[in-house]
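S.K.: To be precise about what I am sending: the file is called my_file-v2.txt and holds compact mmCIF, C-alpha atoms.
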# COMPACT_ATOMS: atom_id res chain seq x y z
CA MET L 5 -130.28 -34.25 -10.55
CA ASN L 6 -131.81 -31.74 -8.13
CA ILE L 7 -131.84 -28.01 -8.80
CA ILE L 8 -132.91 -24.96 -6.78
CA LEU L 9 -133.76 -21.66 -8.50
CA LEU L 10 -133.33 -18.44 -6.53
CA ALA L 11 -134.42 -15.18 -8.14
CA PRO L 12 -135.91 -11.78 -7.33
CA PRO L 13 -139.38 -10.87 -8.67
CA ALA L 14 -139.50 -10.48 -12.48
CA ALA L 15 -136.08 -12.11 -13.02
CA GLY L 16 -137.59 -14.70 -15.38
CA LYS L 17 -137.52 -17.63 -12.97
CA GLY L 18 -140.78 -19.10 -14.25
CA THR L 19 -139.60 -19.05 -17.86
CA GLN L 20 -136.27 -20.71 -17.04
CA ALA L 21 -137.97 -23.27 -14.80
CA GLU L 22 -140.21 -24.35 -17.68
CA LEU L 23 -137.27 -24.60 -20.10
CA LEU L 24 -135.17 -26.62 -17.65
CA GLU L 25 -138.08 -28.88 -16.76
CA ASN L 26 -138.64 -29.78 -20.41
CA LYS L 27 -134.99 -30.25 -21.39
CA TYR L 28 -133.88 -32.32 -18.40
CA HIS L 29 -137.22 -34.01 -17.55
CA LEU L 30 -137.35 -32.53 -14.06
CA ASN L 31 -140.16 -32.61 -11.52
CA HIS L 32 -140.89 -28.87 -11.21
CA ILE L 33 -142.06 -28.10 -7.68
CA SER L 34 -143.48 -24.82 -6.41
CA THR L 35 -144.51 -25.15 -2.76
CA GLY L 36 -147.16 -22.46 -3.29
CA GLU L 37 -148.74 -24.53 -6.05
CA LEU L 38 -148.54 -27.67 -3.91
CA LEU L 39 -150.35 -25.92 -1.06
CA ARG L 40 -153.11 -24.69 -3.40
CA LYS L 41 -153.44 -28.16 -4.94
CA SER L 42 -153.73 -29.74 -1.49
CA ALA L 43 -156.40 -27.22 -0.56
CA SER L 44 -158.47 -28.22 -3.60
CA ARG L 45 -158.95 -31.77 -2.30
CA GLU L 46 -162.41 -32.63 -0.98
CA ASP L 47 -161.24 -34.81 1.91
CA ASP L 48 -160.46 -33.78 5.49
CA TYR L 49 -156.86 -32.98 4.57
CA GLY L 50 -158.03 -30.61 1.83
CA LYS L 51 -160.41 -28.88 4.24
CA LYS L 52 -157.58 -28.44 6.72
CA MET L 53 -155.34 -26.89 4.05
CA ARG L 54 -158.13 -24.59 2.78
CA SER L 55 -158.72 -23.37 6.30
CA LEU L 56 -155.02 -22.58 6.75
CA LEU L 57 -154.73 -20.72 3.44
CA GLU L 58 -157.96 -18.77 3.92
CA SER L 59 -156.92 -17.68 7.41
CA GLY L 60 -154.02 -15.72 5.94
CA GLU L 61 -151.71 -17.13 8.61
CA LEU L 62 -148.08 -17.91 7.82
CA ILE L 63 -147.81 -21.55 6.76
CA SER L 64 -145.46 -23.38 9.12
CA ASP L 65 -142.35 -25.22 7.94
CA ASP L 66 -143.83 -28.47 9.25
CA ILE L 67 -146.90 -28.08 7.02
CA ILE L 68 -144.76 -27.21 3.99
CA PHE L 69 -142.63 -30.33 4.42
CA GLU L 70 -145.71 -32.45 5.05
CA VAL L 71 -147.18 -31.29 1.72
CA LEU L 72 -143.84 -31.76 -0.06
CA ASN L 73 -143.41 -35.31 1.29
CA LYS L 74 -146.97 -36.27 0.30
CA HIS L 75 -146.31 -35.02 -3.22
CA LEU L 76 -142.99 -36.86 -3.58
CA GLU L 77 -144.55 -40.12 -2.37
CA THR L 78 -146.79 -40.09 -5.46
CA CYS L 79 -144.11 -39.08 -7.99
CA GLU L 80 -142.03 -41.45 -10.07
CA ASN L 81 -139.77 -38.59 -11.16
CA GLN L 82 -137.50 -37.73 -8.22
CA ASN L 83 -135.31 -35.29 -10.21
CA LEU L 84 -136.39 -32.09 -8.54
CA LEU L 85 -136.52 -28.51 -9.77
CA LEU L 86 -137.38 -26.47 -6.68
CA ASP L 87 -138.90 -23.09 -7.49
CA GLY L 88 -138.52 -20.48 -4.74
CA PHE L 89 -137.89 -23.10 -2.06
CA PRO L 90 -136.25 -23.32 0.43
CA ARG L 91 -136.88 -19.82 1.79
CA ASN L 92 -134.68 -19.90 4.90
CA ILE L 93 -131.74 -21.75 6.41
CA TYR L 94 -133.92 -24.06 8.51
CA GLN L 95 -135.79 -25.20 5.40
CA ALA L 96 -132.49 -25.64 3.52
CA GLU L 97 -131.05 -27.83 6.28
CA ARG L 98 -134.23 -29.87 6.61
CA LEU L 99 -134.43 -30.36 2.84
CA GLU L 100 -130.83 -31.56 2.87
CA GLU L 101 -131.62 -34.10 5.59
CA MET L 102 -134.71 -35.30 3.73
CA LEU L 103 -132.74 -35.88 0.53
CA LYS L 104 -129.86 -37.51 2.41
CA GLU L 105 -132.25 -40.14 3.79
CA ASN L 106 -132.74 -41.23 0.16
CA ASN L 107 -129.01 -41.01 -0.65
CA ASP L 108 -129.67 -37.83 -2.64
CA LYS L 109 -128.54 -34.21 -2.57
CA ILE L 110 -128.91 -30.77 -4.15
CA ASP L 111 -126.65 -30.55 -7.20
CA PHE L 112 -127.12 -26.96 -8.36
CA VAL L 113 -128.42 -23.73 -6.87
CA PHE L 114 -128.84 -21.13 -9.61
CA LEU L 115 -129.09 -17.49 -8.58
CA LEU L 116 -130.66 -15.48 -11.42
CA ASP L 117 -129.07 -12.07 -10.98
CA VAL L 118 -130.72 -8.97 -12.50
CA PRO L 119 -130.05 -5.30 -11.61
CA LYS L 120 -132.75 -3.81 -9.41
CA GLU L 121 -133.59 -1.00 -11.85
CA THR L 122 -134.15 -3.53 -14.65
CA LEU L 123 -136.51 -5.52 -12.44
CA LYS L 124 -138.42 -2.37 -11.56
CA LYS L 125 -138.86 -1.51 -15.26
CA ARG L 126 -140.11 -5.01 -15.98
CA ILE L 127 -142.69 -4.93 -13.20
CA THR L 128 -143.99 -1.36 -13.47
CA GLY L 129 -144.20 -1.58 -17.27
CA ARG L 130 -146.04 -4.90 -17.38
CA ARG L 131 -149.48 -4.86 -19.04
CA ILE L 132 -151.89 -7.77 -19.52
CA CYS L 133 -154.71 -8.18 -22.06
CA GLU L 134 -158.04 -8.50 -20.25
CA LYS L 135 -159.40 -10.78 -23.04
CA CYS L 136 -156.63 -13.23 -24.04
CA GLY L 137 -154.04 -12.74 -21.29
CA SER L 138 -151.18 -11.74 -23.62
CA ALA L 139 -148.39 -9.88 -21.81
CA TYR L 140 -146.63 -6.67 -22.89
CA ASN L 141 -144.23 -4.17 -21.35
CA VAL L 142 -144.50 -0.45 -22.03
CA ASN L 143 -140.97 0.14 -20.65
CA ILE L 144 -139.27 -2.28 -23.07
CA ASP L 145 -139.32 -1.38 -26.78
CA SER L 146 -139.37 -4.97 -28.04
CA LEU L 147 -142.38 -5.80 -25.83
CA LYS L 148 -144.52 -2.69 -26.35
CA PRO L 149 -147.93 -3.09 -28.05
CA LYS L 150 -148.23 -1.59 -31.54
CA VAL L 151 -151.10 0.60 -30.34
CA ASP L 152 -151.01 2.03 -26.81
CA SER L 153 -153.18 0.03 -24.35
CA ILE L 154 -154.48 -2.32 -27.09
CA CYS L 155 -153.54 -6.00 -27.48
CA ASP L 156 -151.87 -6.86 -30.79
CA GLN L 157 -153.48 -10.33 -30.79
CA CYS L 158 -157.16 -9.70 -30.10
CA GLN L 159 -157.49 -5.90 -29.75
CA GLY L 160 -158.53 -6.34 -26.14
CA LYS L 161 -157.79 -3.64 -23.57
CA LEU L 162 -154.51 -3.85 -21.65
CA TYR L 163 -154.48 -3.34 -17.90
CA GLN L 164 -151.90 -3.08 -15.11
CA ARG L 165 -152.15 -5.46 -12.16
CA ASN L 166 -152.72 -3.80 -8.79
CA ASP L 167 -149.38 -4.96 -7.40
CA ASP L 168 -147.33 -4.04 -10.49
CA ASN L 169 -146.31 -0.68 -9.08
CA GLU L 170 -143.14 0.80 -7.64
CA LYS L 171 -144.25 0.71 -3.99
CA SER L 172 -145.25 -2.96 -4.18
CA PHE L 173 -142.03 -3.80 -6.01
CA GLU L 174 -139.88 -2.22 -3.28
CA VAL L 175 -141.63 -4.31 -0.63
CA ARG L 176 -141.29 -7.53 -2.63
CA TYR L 177 -137.66 -6.84 -3.52
CA GLN L 178 -136.69 -6.14 0.09
CA GLU L 179 -138.50 -9.29 1.20
CA TYR L 180 -136.49 -11.25 -1.37
CA LEU L 181 -133.21 -9.77 -0.09
CA ASP L 182 -134.13 -10.51 3.52
CA LYS L 183 -135.01 -14.14 2.75
CA THR L 184 -132.29 -15.07 0.29
CA SER L 185 -129.13 -13.32 1.50
CA ALA L 186 -128.44 -16.02 4.12
CA LEU L 187 -129.28 -18.78 1.61
CA ILE L 188 -126.82 -17.37 -0.91
CA THR L 189 -124.03 -17.56 1.67
CA TYR L 190 -125.19 -21.01 2.80
CA TYR L 191 -125.01 -22.50 -0.69
CA GLN L 192 -121.84 -20.61 -1.61
CA ASN L 193 -120.13 -22.30 1.33
CA LYS L 194 -121.26 -25.66 -0.05
CA GLN L 195 -119.81 -24.68 -3.44
CA ILE L 196 -123.02 -25.44 -5.35
CA LEU L 197 -124.22 -21.88 -5.97
CA TYR L 198 -123.94 -20.55 -9.53
CA ARG L 199 -124.66 -16.89 -10.25
CA ILE L 200 -126.26 -16.37 -13.66
CA GLU L 201 -126.42 -12.85 -15.11
CA SER L 202 -130.04 -12.79 -16.29
CA ASP L 203 -130.34 -9.29 -17.72
CA LYS L 204 -130.41 -10.63 -21.27
CA ASP L 205 -132.46 -12.67 -23.73
CA LYS L 206 -134.13 -15.73 -22.16
CA GLU L 207 -132.43 -18.07 -24.64
CA GLU L 208 -129.00 -16.75 -23.65
CA VAL L 209 -129.81 -17.26 -19.98
CA PHE L 210 -131.06 -20.79 -20.67
CA GLN L 211 -127.93 -21.60 -22.69
CA GLU L 212 -125.72 -20.54 -19.79
CA LEU L 213 -127.74 -22.67 -17.36
CA CYS L 214 -127.35 -25.70 -19.64
CA GLU L 215 -123.62 -25.09 -20.04
CA ARG L 216 -123.17 -25.01 -16.25
CA ILE L 217 -125.10 -28.25 -15.84
CA GLU L 218 -123.33 -30.10 -18.63
CA LYS L 219 -119.87 -28.86 -17.70
CA ARG L 220 -120.39 -30.18 -14.18
CA GLY L 221 -121.62 -33.48 -15.65
CA ARG L 222 -118.48 -33.83 -17.79
CA ASN L 223 -116.24 -33.07 -14.80
CA ASP L 224 -118.03 -35.66 -12.68
CA ASN L 225 -117.58 -38.28 -15.42
CA ASP L 226 -113.86 -37.44 -15.68
CA LYS L 227 -113.47 -38.27 -11.99
CA LYS L 228 -114.93 -41.76 -12.35
Can I see the file as structure tokens?

M.R.:
Amino acid sequence: MNIILLAPPAAGKGTQAELLENKYHLNHISTGELLRKSASREDDYGKKMRSLLESGELISDDIIFEVLNKHLETCENQNLLLDGFPRNIYQAERLEEMLKENNDKIDFVFLLDVPKETLKKRITGRRICEKCGSAYNVNIDSLKPKVDSICDQCQGKLYQRNDDNEKSFEVRYQEYLDKTSALITYYQNKQILYRIESDKDKEEVFQELCERIEKRGRNDNDKK
């Protein structure tokens, strides 16, 4: 089973990816993490990747697929959970070809859908403890600290990340729209896109994801 997760910033994609990975024993792949891992190697390949990342240049599709292929060659688990990848139609088509060579395919593309204003509240209200890393949100009652700007766990000071502001959010949200709108249409046409309303408790969202997966599994078995 191969799954793609598409989601705007602060939609809870990381949380759902972790839950899906654990329940269905998936190989969770973030191309950003793969690039950073490759750059940490001490061989010539690692030096090449460090140089590319440190230059700030846009990483080419060829490099991304090179890193992805190298990773998959070392993995026994070929059930993929792709996090934020592909990012454009070319990558989607190339990924499809790569999987097809191994008689495989993408089974589900889940679009985690959250209203823009909710996402903005999540991002601009986010606060992190400088000591233990606990996360809070001053815009959401259930996630507020008991004492303003103080961590409930260790009494450390809470701070706001530099990019957790409205201006940065607008840029990131527009970038998401620009990148994913064509992908949404692409996967809708293939009839494997599932829109999940994610403006609710994480367990409810996860339950809906599982229901979609298992309903499809039952239907496939009925056809055999």

S.K.: Restricting the calculation to only C-alpha atoms: of L:Gln159, L:Glu121, L:Cys214, L:Gln192, which residue gets closest to L:Asn143?

M.R.: L:Glu121

S.K.: Need the shell around L:Arg216: protein/DNA/RNA residues with any atom at most 10 Å away, counting only C-alpha atoms. Skip same-chain ones fewer than 4 positions apart. Format as a VMD selection string?

M.R.: chain L and resid 112 114 198 200 210 to 212 220 to 221

S.K.: Contacts of L:Cys155 at 9 Å or less, counting only C-alpha atoms, minus same-chain residues fewer than 2 places along, as a PDB file with C-alpha atoms, keeping the file's coordinate frame?

M.R.:
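This went into out01.pdb:
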ATOM      1  CA  ILE L 132    -151.890  -7.770 -19.520  1.00  0.00           C
ATOM      2  CA  CYS L 133    -154.710  -8.180 -22.060  1.00  0.00           C
ATOM      3  CA  GLU L 134    -158.040  -8.500 -20.250  1.00  0.00           C
ATOM      4  CA  LYS L 135    -159.400 -10.780 -23.040  1.00  0.00           C
ATOM      5  CA  CYS L 136    -156.630 -13.230 -24.040  1.00  0.00           C
ATOM      6  CA  SER L 138    -151.180 -11.740 -23.620  1.00  0.00           C
ATOM      7  CA  ALA L 139    -148.390  -9.880 -21.810  1.00  0.00           C
ATOM      8  CA  TYR L 140    -146.630  -6.670 -22.890  1.00  0.00           C
ATOM      9  CA  PRO L 149    -147.930  -3.090 -28.050  1.00  0.00           C
ATOM     10  CA  LYS L 150    -148.230  -1.590 -31.540  1.00  0.00           C
ATOM     11  CA  VAL L 151    -151.100   0.600 -30.340  1.00  0.00           C
ATOM     12  CA  ASP L 152    -151.010   2.030 -26.810  1.00  0.00           C
ATOM     13  CA  SER L 153    -153.180   0.030 -24.350  1.00  0.00           C
ATOM     14  CA  GLN L 157    -153.480 -10.330 -30.790  1.00  0.00           C
ATOM     15  CA  CYS L 158    -157.160  -9.700 -30.100  1.00  0.00           C
ATOM     16  CA  GLN L 159    -157.490  -5.900 -29.750  1.00  0.00           C
ATOM     17  CA  GLY L 160    -158.530  -6.340 -26.140  1.00  0.00           C
ATOM     18  CA  LYS L 161    -157.790  -3.640 -23.570  1.00  0.00           C
ATOM     19  CA  LEU L 162    -154.510  -3.850 -21.650  1.00  0.00           C
TER      20      LEU L 162
END

S.K.: Hey, what's within 7 Å of stretch 169-184 of chain L if we count only C-alpha atoms and toss same-chain stuff fewer than 3 positions away? As a count of residues only, please?

M.R.: 9

S.K.: Contacts of L:Asp205 at 12 Å or less, counting only C-alpha atoms, minus same-chain residues fewer than 3 places along, as number ranges by chain?

M.R.: L: 15-16, 19-20, 118, 146, 201-202, 208-212

S.K.: I'd like the contact shell of stretch 94-101 of chain L - 10 Å cut-off, only C-alpha atoms, skipping same-chain residues fewer than 4 positions apart - returned as a count of residues only.

M.R.: 16

S.K.: Quick one: distance from atom CA of L:His32 to atom CA of L:Gly137 in Å, one decimal?

M.R.: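 Rounded to one decimal, the two atoms are 23.1 Å apart.
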
S.K.: Atom CA of L:Leu38 and atom CA of L:Arg165 are how many Å apart?

M.R.: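 Computed distance, atom CA of L:Leu38 to atom CA of L:Arg165, equals 24.0 Å.
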
S.K.: Please report the interatomic distance between atom CA of L:Thr122 and atom CA of L:Gln164 in Å with one decimal.

M.R.: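 Between atom CA of L:Thr122 and atom CA of L:Gln164 the gap is 17.8 Å.
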
S.K.: Starting from the sparse input, extend stretch 143-165 of chain L to N, CA, C and O atoms and give the output as an mmCIF file, in the frame of the given file.

M.R.:
data_model
loop_
_atom_site.group_PDB
_atom_site.id
_atom_site.type_symbol
_atom_site.label_atom_id
_atom_site.label_comp_id
_atom_site.auth_asym_id
_atom_site.auth_seq_id
_atom_site.Cartn_x
_atom_site.Cartn_y
_atom_site.Cartn_z
ATOM 1 N N ASN L 143 -142.304 -0.395 -20.928
ATOM 2 C CA ASN L 143 -140.970 0.140 -20.650
ATOM 3 C C ASN L 143 -139.877 -0.511 -21.506
ATOM 4 O O ASN L 143 -138.722 -0.108 -21.433
ATOM 5 N N ILE L 144 -140.247 -1.534 -22.272
ATOM 6 C CA ILE L 144 -139.270 -2.280 -23.070
ATOM 7 C C ILE L 144 -139.717 -2.240 -24.532
ATOM 8 O O ILE L 144 -140.789 -2.770 -24.871
ATOM 9 N N ASP L 145 -138.921 -1.616 -25.387
ATOM 10 C CA ASP L 145 -139.320 -1.380 -26.780
ATOM 11 C C ASP L 145 -139.785 -2.646 -27.487
ATOM 12 O O ASP L 145 -140.790 -2.645 -28.202
ATOM 13 N N SER L 146 -139.041 -3.739 -27.317
ATOM 14 C CA SER L 146 -139.370 -4.970 -28.040
ATOM 15 C C SER L 146 -140.660 -5.629 -27.550
ATOM 16 O O SER L 146 -141.199 -6.526 -28.215
ATOM 17 N N LEU L 147 -141.177 -5.191 -26.401
ATOM 18 C CA LEU L 147 -142.380 -5.800 -25.830
ATOM 19 C C LEU L 147 -143.576 -4.852 -25.788
ATOM 20 O O LEU L 147 -144.638 -5.207 -25.268
ATOM 21 N N LYS L 148 -143.416 -3.648 -26.339
ATOM 22 C CA LYS L 148 -144.520 -2.690 -26.350
ATOM 23 C C LYS L 148 -145.601 -3.128 -27.354
ATOM 24 O O LYS L 148 -145.290 -3.701 -28.398
ATOM 25 N N PRO L 149 -146.883 -2.825 -27.053
ATOM 26 C CA PRO L 149 -147.930 -3.090 -28.050
ATOM 27 C C PRO L 149 -147.806 -2.098 -29.203
ATOM 28 O O PRO L 149 -147.270 -1.007 -29.039
ATOM 29 N N LYS L 150 -148.303 -2.491 -30.379
ATOM 30 C CA LYS L 150 -148.230 -1.590 -31.540
ATOM 31 C C LYS L 150 -149.069 -0.341 -31.328
ATOM 32 O O LYS L 150 -148.707 0.755 -31.772
ATOM 33 N N VAL L 151 -150.212 -0.525 -30.668
ATOM 34 C CA VAL L 151 -151.100 0.600 -30.340
ATOM 35 C C VAL L 151 -151.210 0.672 -28.827
ATOM 36 O O VAL L 151 -151.459 -0.340 -28.174
ATOM 37 N N ASP L 152 -151.011 1.851 -28.274
ATOM 38 C CA ASP L 152 -151.010 2.030 -26.810
ATOM 39 C C ASP L 152 -152.277 1.467 -26.171
ATOM 40 O O ASP L 152 -153.401 1.781 -26.593
ATOM 41 N N SER L 153 -152.096 0.603 -25.172
ATOM 42 C CA SER L 153 -153.180 0.030 -24.350
ATOM 43 C C SER L 153 -154.086 -0.946 -25.097
ATOM 44 O O SER L 153 -155.144 -1.320 -24.591
ATOM 45 N N ILE L 154 -153.668 -1.366 -26.313
ATOM 46 C CA ILE L 154 -154.480 -2.320 -27.090
ATOM 47 C C ILE L 154 -153.639 -3.556 -27.411
ATOM 48 O O ILE L 154 -152.498 -3.453 -27.851
ATOM 49 N N CYS L 155 -154.230 -4.737 -27.207
ATOM 50 C CA CYS L 155 -153.540 -6.000 -27.480
ATOM 51 C C CYS L 155 -153.357 -6.213 -28.986
ATOM 52 O O CYS L 155 -154.318 -6.056 -29.756
ATOM 53 N N ASP L 156 -152.151 -6.574 -29.382
ATOM 54 C CA ASP L 156 -151.870 -6.860 -30.790
ATOM 55 C C ASP L 156 -152.639 -8.087 -31.276
ATOM 56 O O ASP L 156 -152.986 -8.187 -32.457
ATOM 57 N N GLN L 157 -152.902 -9.042 -30.388
ATOM 58 C CA GLN L 157 -153.480 -10.330 -30.790
ATOM 59 C C GLN L 157 -154.984 -10.272 -31.004
ATOM 60 O O GLN L 157 -155.495 -10.788 -32.000
ATOM 61 N N CYS L 158 -155.686 -9.652 -30.046
ATOM 62 C CA CYS L 158 -157.160 -9.700 -30.100
ATOM 63 C C CYS L 158 -157.814 -8.331 -29.968
ATOM 64 O O CYS L 158 -159.035 -8.234 -29.915
ATOM 65 N N GLN L 159 -157.010 -7.275 -29.891
ATOM 66 C CA GLN L 159 -157.490 -5.900 -29.750
ATOM 67 C C GLN L 159 -158.227 -5.657 -28.426
ATOM 68 O O GLN L 159 -159.004 -4.716 -28.289
ATOM 69 N N GLY L 160 -157.962 -6.564 -27.468
ATOM 70 C CA GLY L 160 -158.530 -6.340 -26.140
ATOM 71 C C GLY L 160 -157.798 -5.205 -25.419
ATOM 72 O O GLY L 160 -156.716 -4.786 -25.823
ATOM 73 N N LYS L 161 -158.387 -4.728 -24.344
ATOM 74 C CA LYS L 161 -157.790 -3.640 -23.570
ATOM 75 C C LYS L 161 -156.707 -4.174 -22.639
ATOM 76 O O LYS L 161 -156.879 -5.229 -22.014
ATOM 77 N N LEU L 162 -155.589 -3.460 -22.558
ATOM 78 C CA LEU L 162 -154.510 -3.850 -21.650
ATOM 79 C C LEU L 162 -154.703 -3.175 -20.303
ATOM 80 O O LEU L 162 -155.125 -2.020 -20.218
ATOM 81 N N TYR L 163 -154.366 -3.915 -19.240
ATOM 82 C CA TYR L 163 -154.480 -3.340 -17.900
ATOM 83 C C TYR L 163 -153.218 -3.646 -17.093
ATOM 84 O O TYR L 163 -152.431 -4.531 -17.438
ATOM 85 N N GLN L 164 -153.033 -2.891 -16.016
ATOM 86 C CA GLN L 164 -151.900 -3.080 -15.110
ATOM 87 C C GLN L 164 -152.404 -3.729 -13.822
ATOM 88 O O GLN L 164 -153.381 -3.261 -13.228
ATOM 89 N N ARG L 165 -151.753 -4.814 -13.403
ATOM 90 C CA ARG L 165 -152.150 -5.460 -12.160
ATOM 91 C C ARG L 165 -151.951 -4.517 -10.983
ATOM 92 O O ARG L 165 -151.049 -3.683 -10.985
#
